[in-house]
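Q: Following this line is model.cif, made up of mmCIF, C-alpha atoms and all ligand atoms:
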```cif
data_query
loop_
_atom_site.label_atom_id
_atom_site.label_comp_id
_atom_site.auth_asym_id
_atom_site.auth_seq_id
_atom_site.Cartn_x
_atom_site.Cartn_y
_atom_site.Cartn_z
CA MET A 15 46.69 146.20 112.29
CA PRO A 16 47.95 147.85 115.48
CA PRO A 17 50.75 146.00 117.24
CA LEU A 18 49.54 143.73 120.01
CA ILE A 19 51.22 144.16 123.33
CA VAL A 20 50.78 141.13 125.53
CA ILE A 21 51.09 141.63 129.25
CA ILE A 22 51.22 138.60 131.50
CA LEU A 23 49.52 139.62 134.70
CA GLN A 24 50.16 136.51 136.75
CA GLU A 25 51.88 133.21 136.30
CA ASN A 26 48.59 131.40 135.80
CA PHE A 27 46.96 134.08 133.69
CA ILE A 28 44.29 132.67 131.41
CA PRO A 29 45.74 132.06 127.94
CA ALA A 30 42.29 132.32 126.38
CA MET A 31 42.34 136.02 127.15
CA ILE A 32 45.17 136.66 124.73
CA SER A 33 44.09 137.11 121.15
CA THR A 34 45.90 138.32 118.08
CA GLN A 35 42.71 138.70 116.06
CA HIS A 36 41.87 142.22 115.02
CA LEU A 37 38.50 142.60 116.60
CA PRO A 38 37.03 145.73 118.09
CA HIS A 39 38.60 146.69 121.38
CA PRO A 40 35.98 147.02 124.12
CA ASN A 41 36.55 150.78 123.93
CA GLU A 42 35.13 150.79 120.41
CA ILE A 43 32.02 148.97 121.58
CA GLN A 44 31.69 151.41 124.44
CA ARG A 45 31.94 154.35 122.08
CA ALA A 46 29.18 152.79 120.02
CA MET A 47 27.14 152.62 123.22
CA ASP A 48 27.56 156.31 123.91
CA CYS A 49 24.42 157.47 125.71
CA PRO A 50 23.03 160.15 123.36
CA SER A 51 23.22 157.93 120.28
CA LYS A 52 21.98 154.81 122.01
CA GLU A 53 18.28 155.25 121.42
CA LYS A 54 18.74 155.95 117.72
CA GLU A 55 21.07 152.99 117.37
CA LEU A 56 18.70 150.63 119.13
CA ASN A 57 15.80 151.83 116.98
CA GLU A 58 17.85 151.17 113.85
CA GLN A 59 18.82 147.72 115.08
CA GLN A 60 15.27 146.83 115.99
CA SER A 61 13.91 147.86 112.61
CA GLU A 62 16.70 145.92 110.87
CA CYS A 63 15.90 142.70 112.66
CA GLN A 64 12.12 142.63 112.71
CA ASP A 65 12.06 139.56 110.49
CA GLY A 66 14.67 137.75 112.57
CA SER A 67 17.45 138.23 110.02
CA ASN A 68 20.35 140.66 109.91
CA CYS A 69 20.48 141.11 113.68
CA PRO A 70 23.67 142.96 114.47
CA ASP A 71 23.18 142.96 118.21
CA TYR A 72 20.57 142.17 120.84
CA CYS A 73 17.39 141.58 118.91
CA PRO A 74 14.14 141.66 120.87
CA ALA A 75 12.21 140.37 117.87
CA THR A 76 14.04 137.05 117.83
CA ALA A 77 15.04 136.95 121.48
CA GLU A 78 11.50 136.87 122.75
CA SER A 79 10.05 134.59 120.13
CA ASN A 80 10.03 131.60 122.47
CA SER A 81 9.59 132.43 126.13
CA GLU A 82 10.60 128.88 127.14
CA SER A 83 14.05 129.16 125.54
CA PRO A 84 16.98 131.10 126.90
CA ARG A 85 17.38 134.41 125.15
CA ILE A 86 20.05 134.55 122.53
CA LEU A 87 21.85 137.82 123.03
CA LYS A 88 24.36 138.77 120.38
CA ILE A 89 25.52 142.10 121.69
CA LEU A 90 28.89 140.69 122.69
CA GLN A 91 29.42 138.53 119.65
CA LYS A 92 32.38 140.56 118.46
CA TRP A 93 33.85 140.89 121.93
CA ILE A 94 37.02 138.87 122.29
CA PRO A 95 38.97 139.64 125.47
CA THR A 96 42.38 141.01 124.71
CA VAL A 97 45.19 142.03 126.97
CA SER A 98 46.28 145.39 125.75
CA PRO A 99 48.02 148.53 126.91
CA TYR A 100 44.74 150.47 127.11
CA PHE A 101 44.21 150.06 130.85
CA ASP A 102 42.87 153.32 132.14
CA LYS A 103 39.34 154.60 132.46
CA GLU A 104 36.61 152.84 130.56
CA HIS A 105 33.27 154.44 129.78
CA TYR A 106 29.98 152.60 129.68
CA CYS A 107 26.38 153.57 129.35
CA TYR A 108 23.72 151.60 131.15
CA ALA A 109 20.26 152.66 132.26
CA ASP A 110 20.86 156.05 130.62
CA HIS A 111 23.83 156.80 132.85
CA GLN A 112 27.41 157.31 131.86
CA ILE A 113 29.57 155.04 134.03
CA THR A 114 33.33 155.55 134.27
CA ILE A 115 35.40 152.64 135.49
CA GLN A 116 38.99 152.94 136.60
CA GLU A 117 40.92 149.82 135.66
CA SER A 118 44.40 148.75 136.60
CA LEU A 119 46.81 145.91 136.02
CA ASP A 120 47.50 144.45 139.40
CA HIS A 121 44.93 141.68 139.83
CA PHE A 122 42.03 139.80 138.27
CA GLY A 123 39.46 142.17 139.76
CA ALA A 124 41.10 145.18 138.16
CA ILE A 125 39.53 144.97 134.72
CA VAL A 126 35.96 144.67 133.52
CA TRP A 127 35.35 141.11 132.35
CA PRO A 128 32.90 140.15 129.59
CA GLY A 129 30.50 138.54 132.08
CA ALA A 130 30.05 141.94 133.74
CA LEU A 131 29.05 143.50 130.42
CA ALA A 132 26.64 140.65 129.76
CA LEU A 133 25.02 140.86 133.19
CA SER A 134 24.79 144.66 133.10
CA GLN A 135 23.21 144.47 129.66
CA TYR A 136 20.74 141.86 130.85
CA LEU A 137 19.72 143.80 133.96
CA GLU A 138 19.22 146.94 131.92
CA SER A 139 17.19 145.20 129.21
CA ASN A 140 14.97 143.10 131.46
CA GLN A 141 13.85 145.51 134.12
CA GLN A 142 10.28 144.26 134.03
CA GLU A 143 11.18 140.63 134.60
CA ILE A 144 13.96 141.45 137.04
CA ASN A 145 12.83 144.48 138.98
CA LEU A 146 15.70 145.61 141.20
CA LYS A 147 13.92 148.60 142.70
CA ASP A 148 14.45 148.58 146.48
CA LYS A 149 15.71 144.98 146.35
CA LYS A 150 18.59 143.79 148.54
CA ILE A 151 21.50 142.66 146.42
CA LEU A 152 24.92 141.27 147.15
CA GLU A 153 27.54 140.94 144.44
CA ILE A 154 30.40 138.49 144.94
CA GLY A 155 33.73 139.01 143.17
CA ALA A 156 32.56 142.48 142.15
CA GLY A 157 35.94 143.47 140.69
CA THR A 158 35.75 146.98 139.29
CA GLY A 159 32.12 147.33 140.41
CA LEU A 160 30.35 147.81 137.07
CA VAL A 161 27.51 145.38 137.81
CA SER A 162 26.99 146.75 141.32
CA ILE A 163 26.87 150.29 139.94
CA VAL A 164 24.28 149.31 137.32
CA ALA A 165 22.19 147.52 139.97
CA SER A 166 22.34 150.61 142.20
CA ILE A 167 21.28 152.87 139.35
CA LEU A 168 18.37 150.50 138.76
CA GLY A 169 17.25 151.15 142.33
CA ALA A 170 18.69 148.34 144.46
CA TYR A 171 20.31 148.34 147.89
CA VAL A 172 23.68 146.92 146.87
CA THR A 173 26.52 145.36 148.82
CA ALA A 174 29.55 144.88 146.56
CA THR A 175 32.12 142.39 147.85
CA ASP A 176 35.53 141.11 146.87
CA LEU A 177 38.98 140.25 148.20
CA PRO A 178 40.62 142.85 150.48
CA GLU A 179 43.17 143.89 147.84
CA VAL A 180 40.41 144.72 145.36
CA LEU A 181 38.31 146.89 147.66
CA GLU A 182 40.14 150.17 147.25
CA ASN A 183 39.59 150.41 143.50
CA LEU A 184 36.09 148.98 143.90
CA LYS A 185 35.19 151.68 146.44
CA LEU A 186 36.64 154.37 144.21
CA ASN A 187 34.60 153.27 141.19
CA ILE A 188 31.43 152.84 143.18
CA SER A 189 31.65 156.17 144.91
CA ARG A 190 32.60 158.07 141.73
CA ASN A 191 29.62 156.65 139.90
CA THR A 192 26.95 156.79 142.58
CA GLN A 193 27.67 159.71 144.88
CA ASN A 194 25.32 162.68 144.72
CA MET A 195 22.73 160.54 142.97
CA ASN A 196 19.28 160.01 144.32
CA ILE A 197 19.77 156.25 144.81
CA HIS A 198 20.51 153.92 147.71
CA GLN A 199 24.23 154.33 148.31
CA PRO A 200 26.00 150.99 147.80
CA GLU A 201 28.13 149.41 150.47
CA VAL A 202 31.52 147.79 149.81
CA ARG A 203 32.66 144.88 151.99
CA LYS A 204 35.24 142.16 152.12
CA LEU A 205 33.93 138.70 151.30
CA VAL A 206 36.51 136.00 150.73
CA TRP A 207 34.73 132.96 149.33
CA GLY A 208 34.10 130.33 151.96
CA GLU A 209 35.55 132.39 154.82
CA ASP A 210 33.70 133.73 157.87
CA LEU A 211 30.32 133.63 156.14
CA ASN A 212 28.39 132.89 159.32
CA GLU A 213 30.20 135.64 161.21
CA ASP A 214 30.18 138.37 158.53
CA PHE A 215 26.90 137.57 156.77
CA PRO A 216 24.69 135.76 159.30
CA LYS A 217 21.65 134.28 157.59
CA SER A 218 19.28 135.59 160.24
CA THR A 219 20.06 139.23 159.40
CA HIS A 220 21.41 139.01 155.85
CA HIS A 221 18.74 137.84 153.45
CA TYR A 222 19.29 138.97 149.86
CA ASP A 223 16.76 139.13 147.04
CA PHE A 224 19.51 138.72 144.46
CA ILE A 225 23.08 137.48 144.48
CA LEU A 226 24.98 138.73 141.44
CA ALA A 227 28.16 137.21 140.07
CA SER A 228 30.02 137.71 136.81
CA ASP A 229 33.04 135.76 135.58
CA VAL A 230 33.78 134.40 139.02
CA VAL A 231 34.34 130.91 137.61
CA TYR A 232 37.62 130.50 135.78
CA HIS A 233 40.85 128.64 136.34
CA HIS A 234 41.42 129.24 140.05
CA THR A 235 41.78 127.17 143.18
CA SER A 236 38.77 128.55 145.08
CA LEU A 237 35.97 126.89 143.10
CA ASP A 238 34.79 124.80 146.05
CA PRO A 239 34.68 127.77 148.46
CA LEU A 240 32.93 129.75 145.71
CA LEU A 241 30.26 127.05 145.40
CA THR A 242 29.88 127.00 149.19
CA THR A 243 29.45 130.78 149.17
CA MET A 244 26.83 130.81 146.42
CA VAL A 245 24.85 128.07 148.15
CA TYR A 246 25.21 129.76 151.57
CA LEU A 247 23.95 133.11 150.26
CA CYS A 248 20.97 131.59 148.42
CA GLN A 249 18.17 131.36 150.94
CA PRO A 250 14.51 130.71 150.07
CA GLY A 251 13.39 133.65 147.91
CA THR A 252 16.91 134.55 146.78
CA VAL A 253 17.75 134.54 143.07
CA LEU A 254 21.36 134.02 142.02
CA LEU A 255 22.17 135.64 138.66
CA TRP A 256 25.53 134.42 137.44
CA ALA A 257 27.02 135.42 134.07
CA ASN A 258 30.15 133.61 132.97
CA LYS A 259 32.27 133.02 129.93
CA PHE A 260 32.64 129.26 129.73
CA ARG A 261 36.22 128.46 128.83
CA PHE A 262 37.32 125.30 130.62
CA SER A 263 35.84 121.89 131.40
CA THR A 264 36.06 122.91 135.07
CA ASP A 265 33.62 125.75 134.34
CA PHE A 266 31.02 123.21 133.14
CA GLU A 267 31.79 120.95 136.09
CA PHE A 268 31.11 123.89 138.41
CA LEU A 269 27.76 124.47 136.69
CA GLU A 270 26.89 120.80 137.11
CA LYS A 271 27.76 120.87 140.81
CA LEU A 272 25.68 124.00 141.29
CA GLY A 273 22.78 122.25 139.51
CA ASN A 274 23.03 119.35 141.95
CA ILE A 275 22.35 121.71 144.84
CA LEU A 276 20.20 124.54 143.45
CA ILE A 277 17.55 124.80 140.73
CA VAL A 278 19.51 126.11 137.76
CA THR A 279 18.00 127.73 134.65
CA LEU A 280 19.76 129.10 131.59
CA LEU A 281 18.36 132.62 131.25
CA ALA A 282 20.36 133.89 128.29
CA GLU A 283 23.26 133.00 126.06
CA PHE A 284 25.81 134.97 124.12
CA PRO A 285 26.74 132.03 121.89
CA GLU A 286 29.63 133.49 119.97
CA SER A 287 31.43 134.62 123.09
CA ASN A 288 30.50 131.49 125.10
CA ILE A 289 28.83 133.55 127.81
CA LYS A 290 25.91 132.07 129.67
CA LEU A 291 23.64 133.79 132.13
CA ILE A 292 22.44 131.36 134.76
CA LYS A 293 19.66 131.79 137.28
CA ALA A 294 19.71 129.64 140.41
CA THR A 295 17.31 129.34 143.32
CA VAL A 296 17.02 127.01 146.28
CA LYS A 297 15.17 123.75 145.88
CA GLU A 298 11.93 123.91 147.83
CA ASN A 299 11.28 120.87 150.04
C1 LIG B 1 37.54 137.45 136.70
S1 LIG B 1 37.28 138.63 137.93
C2 LIG B 1 35.64 139.21 137.58
C3 LIG B 1 35.40 140.58 138.14
C4 LIG B 1 34.03 141.16 137.83
N1 LIG B 1 32.99 140.37 138.42
C5 LIG B 1 33.83 141.29 136.34
O1 LIG B 1 33.10 140.46 135.76
O2 LIG B 1 34.38 142.22 135.75
C6 LIG B 1 37.01 137.57 139.36
C7 LIG B 1 36.75 138.33 140.62
O3 LIG B 1 36.62 137.41 141.69
C8 LIG B 1 37.42 137.85 142.78
N2 LIG B 1 37.90 136.70 143.55
C9 LIG B 1 38.77 135.75 143.16
N3 LIG B 1 38.99 134.86 144.13
C10 LIG B 1 38.23 135.25 145.18
C11 LIG B 1 38.02 134.74 146.48
N4 LIG B 1 38.64 133.64 146.91
N5 LIG B 1 37.16 135.39 147.29
C12 LIG B 1 36.51 136.49 146.86
N6 LIG B 1 36.66 137.04 145.64
C13 LIG B 1 37.53 136.43 144.80
C14 LIG B 1 38.57 138.60 142.13
O4 LIG B 1 39.19 139.50 143.03
C15 LIG B 1 37.87 139.28 140.99
O5 LIG B 1 37.34 140.52 141.35
#
```
Please, can you express the file's structure as structure tokens?
A:
Amino acid sequence: MPPLIVIILQENFIPAMISTQHLPHPNEIQRAMDCPSKEKELNEQQSECQDGSNCPDYCPATAESNSESPRILKILQKWIPTVSPYFDKEHYCYADHQITIQESLDHFGAIVWPGALALSQYLESNQQEINLKDKKILEIGAGTGLVSIVASILGAYVTATDLPEVLENLKLNISRNTQNMNIHQPEVRKLVWGEDLNEDFPKSTHHYDFILASDVVYHHTSLDPLLTTMVYLCQPGTVLLWANKFRFSTDFEFLEKLGNILIVTLLAEFPESNIKLIKATVKEN
């Protein structure tokens, strides 16, 4: 077993992210998702799980068996977040595009979190149900930008937002992965939860079809401003897609509060990694 190097990023860094289990590093999963082999791999997986058994990953045969139930997606079941010395460039493949993400160590938005993988996977796999072509999208807490890049590749007009200190790396990743492509070029903007929403994103001129968010709920002190921001950005016709690893009781409390204000549906679950994908829309009067 390779030695585990634990790096504490911040005083209040989430202990649940530190694991000594020998499970595949995200890099190994990404290699398995290498674009050229992807189709063959998916075909093999689909034929293996036609009868609902032996499903190594996302299994359409079982996932779509009951349209009323949330989909059970297993693609991340072996994914346990680890803090390791591998911070550099990560390679992903979504929507038949190789995506290279520059990570760093200086803040929470500097690495790709499991919710971003889950949401990217969902958007890629459900393009008929969630058609992003020419839709207006805003991502909050975009971090490294993976989800915004995937949404852009899928045809959306994307605004990726985060704290000021995260924007430089976010811009770098977004421009590296979208420039010179025949897609709507994404925009990167500051959006601090709960601050200056009326001034910077007036409702009269800023209506979004989708608000995207991944792993924005964890142990931090801005949960109330985050809730305010989600509710503010959700206007009639807007769909909030929020993927999150549920770790703490406060995460469930946040979900409950959101459900008191918006109509909340569980779209998909990654049970073994405790990731849920939630859809929320405004309550019609
Ligand atoms: C756990 S990271 C998730 C990043 C990315 N969505 C992902 O899943 O890889 C949380 C993100 O929320 C951002 N964030 C935290 N507090 C924020 C605040 N008060 N206003 C805006 N963004 C914030 C962080 O900068 C970070 O990018």
Q: For segment 291-294 of chain A, please output as a short mmCIF file (atom, residue, chain, number, x, y, z; two decimals) with C-alpha atoms, in the frame of the given file all residues within 7 Å (counting all atoms listed in the file; exclusion window: fewer than 3 positions along the same chain).
A:
```
data_model
loop_
_atom_site.label_atom_id
_atom_site.label_comp_id
_atom_site.auth_asym_id
_atom_site.auth_seq_id
_atom_site.Cartn_x
_atom_site.Cartn_y
_atom_site.Cartn_z
CA VAL A 253 17.75 134.54 143.07
CA LEU A 254 21.36 134.02 142.02
CA LEU A 255 22.17 135.64 138.66
CA TRP A 256 25.53 134.42 137.44
CA ALA A 257 27.02 135.42 134.07
CA ASN A 258 30.15 133.61 132.97
CA LEU A 276 20.20 124.54 143.45
CA ILE A 277 17.55 124.80 140.73
CA VAL A 278 19.51 126.11 137.76
CA THR A 279 18.00 127.73 134.65
CA LEU A 280 19.76 129.10 131.59
CA LEU A 281 18.36 132.62 131.25
CA ALA A 282 20.36 133.89 128.29
CA GLU A 283 23.26 133.00 126.06
#
```
Q: Set the cut-off to 9 Å, count all atoms listed in the file, and list whatever residues fall near ligand LIG 1 (chain B) as a PyMOL selection string.
A: chain A and resi 121-133+153-161+175-181+184+204-209+226-232+234-237+239-240+257-258
Q: For Asn140 of chain A, which of A:Leu152, A:Leu168, A:Gln116, A:Pro216 is the closest residue, counting all atoms listed in the file?
A: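 Ranking A:Leu152, A:Leu168, A:Gln116, A:Pro216 by distance to Asn140 of chain A, first place goes to A:Leu168.
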Q: Give the answer as one residue: which of A:Lys290, A:Lys150, A:Arg203, A:Lys259 has the shortest atom-to-atom distance to Thr219 of chain A, using only C-alpha atoms?
A: A:Lys150
Q: If you measure from atom CA of Ala170 of chain A to atom CA of Thr192 of chain A, what distance in Å do you get, rounded to one decimal?
A: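 We find that atom CA of Ala170 of chain A and atom CA of Thr192 of chain A lie 12.0 Å from each other.
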Q: Please indicate the distance in Å from atom CA of Leu211 of chain A to atom CA of Leu247 of chain A, rounded to one decimal place.
A: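 That distance, rounded to one decimal, is 8.7 Å.
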Q: Smallest atom-to-atom distance to Tyr108 of chain A: which of A:Glu138, A:Glu267, A:Glu213, A:Glu143, using all atoms listed in the file?
A: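 Result for the nearest residue to Tyr108 of chain A: A:Glu138.
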Q: Record the distance separating atom CA of Gln249 of chain A and atom CA of Leu269 of chain A, expressed in Å with one decimal.
A: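 So the two atoms, atom CA of Gln249 of chain A and atom CA of Leu269 of chain A, lie 18.5 Å apart.
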Q: Could you check which of A:Ile188, A:Ile167, A:Ile151, A:Val245 is closest to His111 of chain A, using only C-alpha atoms?
A: A:Ile167
Q: Using only the atoms of segment 270-276 of chain A listed in the file, plus 4 Å on each side, state the axis-aligned box centre and edge lengths in Å rounded to one decimal, as AutoDock Vina command-line options.
A:
```
--center_x 24.0 --center_y 121.9 --center_z 141.0 --size_x 15.6 --size_y 13.2 --size_z 15.7
```
Q: Would it be fine to have segment 212-227 of chain A, with N, CA, C and O atoms, given as a PDB file, in the first residue's frame?
A:
```pdb
ATOM      1  N   ASN A 212     -28.895  41.498  -5.582  1.00  0.00           N
ATOM      2  CA  ASN A 212     -29.765  42.409  -6.354  1.00  0.00           C
ATOM      3  C   ASN A 212     -28.965  43.294  -7.290  1.00  0.00           C
ATOM      4  O   ASN A 212     -29.389  43.585  -8.398  1.00  0.00           O
ATOM      5  N   GLU A 213     -27.785  43.727  -6.827  1.00  0.00           N
ATOM      6  CA  GLU A 213     -26.961  44.629  -7.640  1.00  0.00           C
ATOM      7  C   GLU A 213     -26.285  43.868  -8.788  1.00  0.00           C
ATOM      8  O   GLU A 213     -26.290  44.309  -9.933  1.00  0.00           O
ATOM      9  N   ASP A 214     -25.689  42.713  -8.466  1.00  0.00           N
ATOM     10  CA  ASP A 214     -24.863  42.012  -9.470  1.00  0.00           C
ATOM     11  C   ASP A 214     -25.673  41.077 -10.369  1.00  0.00           C
ATOM     12  O   ASP A 214     -25.272  40.801 -11.506  1.00  0.00           O
ATOM     13  N   PHE A 215     -26.781  40.567  -9.837  1.00  0.00           N
ATOM     14  CA  PHE A 215     -27.599  39.629 -10.624  1.00  0.00           C
ATOM     15  C   PHE A 215     -29.072  40.022 -10.505  1.00  0.00           C
ATOM     16  O   PHE A 215     -29.890  39.265  -9.959  1.00  0.00           O
ATOM     17  N   PRO A 216     -29.428  41.240 -11.003  1.00  0.00           N
ATOM     18  CA  PRO A 216     -30.826  41.662 -10.855  1.00  0.00           C
ATOM     19  C   PRO A 216     -31.779  40.675 -11.525  1.00  0.00           C
ATOM     20  O   PRO A 216     -31.514  40.202 -12.627  1.00  0.00           O
ATOM     21  N   LYS A 217     -32.871  40.394 -10.830  1.00  0.00           N
ATOM     22  CA  LYS A 217     -33.807  39.373 -11.339  1.00  0.00           C
ATOM     23  C   LYS A 217     -34.392  39.757 -12.689  1.00  0.00           C
ATOM     24  O   LYS A 217     -34.673  38.902 -13.520  1.00  0.00           O
ATOM     25  N   SER A 218     -34.568  41.076 -12.889  1.00  0.00           N
ATOM     26  CA  SER A 218     -35.231  41.502 -14.128  1.00  0.00           C
ATOM     27  C   SER A 218     -34.409  41.143 -15.366  1.00  0.00           C
ATOM     28  O   SER A 218     -34.974  40.856 -16.427  1.00  0.00           O
ATOM     29  N   THR A 219     -33.089  41.118 -15.229  1.00  0.00           N
ATOM     30  CA  THR A 219     -32.244  40.851 -16.404  1.00  0.00           C
ATOM     31  C   THR A 219     -31.498  39.524 -16.315  1.00  0.00           C
ATOM     32  O   THR A 219     -30.827  39.128 -17.265  1.00  0.00           O
ATOM     33  N   HIS A 220     -31.562  38.872 -15.162  1.00  0.00           N
ATOM     34  CA  HIS A 220     -30.779  37.643 -14.984  1.00  0.00           C
ATOM     35  C   HIS A 220     -31.699  36.477 -14.612  1.00  0.00           C
ATOM     36  O   HIS A 220     -31.805  36.090 -13.454  1.00  0.00           O
ATOM     37  N   HIS A 221     -32.358  35.944 -15.619  1.00  0.00           N
ATOM     38  CA  HIS A 221     -33.180  34.748 -15.400  1.00  0.00           C
ATOM     39  C   HIS A 221     -32.413  33.549 -15.942  1.00  0.00           C
ATOM     40  O   HIS A 221     -31.983  33.532 -17.093  1.00  0.00           O
ATOM     41  N   TYR A 222     -32.234  32.528 -15.102  1.00  0.00           N
ATOM     42  CA  TYR A 222     -31.481  31.348 -15.523  1.00  0.00           C
ATOM     43  C   TYR A 222     -32.415  30.151 -15.672  1.00  0.00           C
ATOM     44  O   TYR A 222     -33.345  29.966 -14.881  1.00  0.00           O
ATOM     45  N   ASP A 223     -32.123  29.324 -16.689  1.00  0.00           N
ATOM     46  CA  ASP A 223     -32.882  28.076 -16.845  1.00  0.00           C
ATOM     47  C   ASP A 223     -32.447  27.062 -15.797  1.00  0.00           C
ATOM     48  O   ASP A 223     -33.267  26.308 -15.278  1.00  0.00           O
ATOM     49  N   PHE A 224     -31.138  27.033 -15.538  1.00  0.00           N
ATOM     50  CA  PHE A 224     -30.618  26.093 -14.542  1.00  0.00           C
ATOM     51  C   PHE A 224     -29.618  26.796 -13.630  1.00  0.00           C
ATOM     52  O   PHE A 224     -28.792  27.595 -14.089  1.00  0.00           O
ATOM     53  N   ILE A 225     -29.696  26.472 -12.353  1.00  0.00           N
ATOM     54  CA  ILE A 225     -28.645  26.822 -11.402  1.00  0.00           C
ATOM     55  C   ILE A 225     -27.964  25.507 -11.038  1.00  0.00           C
ATOM     56  O   ILE A 225     -28.637  24.538 -10.670  1.00  0.00           O
ATOM     57  N   LEU A 226     -26.666  25.457 -11.182  1.00  0.00           N
ATOM     58  CA  LEU A 226     -25.926  24.229 -10.860  1.00  0.00           C
ATOM     59  C   LEU A 226     -25.097  24.448  -9.603  1.00  0.00           C
ATOM     60  O   LEU A 226     -24.538  25.545  -9.397  1.00  0.00           O
ATOM     61  N   ALA A 227     -25.006  23.409  -8.790  1.00  0.00           N
ATOM     62  CA  ALA A 227     -24.210  23.514  -7.559  1.00  0.00           C
ATOM     63  C   ALA A 227     -23.723  22.123  -7.187  1.00  0.00           C
ATOM     64  O   ALA A 227     -24.516  21.174  -7.188  1.00  0.00           O
TER      65      ALA A 227
END
```
